[in-house]
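For reference, the structure is listed below as structure tokens.
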Amino acid sequence: MTPNADAAMAWLRQQIEDDKAAAKVATAGPWHENGMAIRGGPRSYAPQDVIADCDAKLAILEEHPESNEGAGCGGCQHWPWPCPTLRLLASAYRHRDGYAGHWGTV
């Protein structure tokens, strides 16, 4: 793994884990009623939805590790690693401090 790729994936994992931790301590709601958002935000801001989203993103990270041979993705076999799947996942956090623009380039 290159130092840049290592830093990118560590940063991405930390963003997801931070979101999940914040959702776990958020108020119980109500966040939605009859499918409509209340409290001024989209339904996807409800803590249980954020936690589910973070769990899915962490599972994607686990499915796309660097291969044992190095440089490529052990999940989709794309070279170089991080693969396009992880780069797209990282791009969702492009407005956060610490993001490097080339991480999300596919």
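By order in the structure tokens, chains are A, B, ...; within a chain, residues start at 1; ligands start at 1, following the order shown.
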Query raised in the report: Skipping near chain neighbours, those fewer than 5 positions away, what residues fall within 10 Å of His78 of chain A using only C-alpha atoms, listed as a PyMOL selection string?
Result: chain A and resi 64+66-67+71-73+83-85
Report task. Do a neighbour search on Glu17 of chain A at 9 Å with only C-alpha atoms, toss out local chain neighbours closer than 3 positions, and write the hits as a ChimeraX atom specification. Result -> /A:12-14,20-22,54-55,58
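Take atom CA of Gln15 of chain A and atom CA of Gly101 of chain A: the distance between them is 15.5 Å.
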Query - Top pick for closest residue to Glu69 of chain A, considering A:Ala46, A:Ala100, A:Leu86, A:Trp81 and counting only C-alpha atoms - result: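 Between A:Ala46, A:Ala100, A:Leu86, A:Trp81, the residue approaching Glu69 of chain A most closely is A:Trp81.
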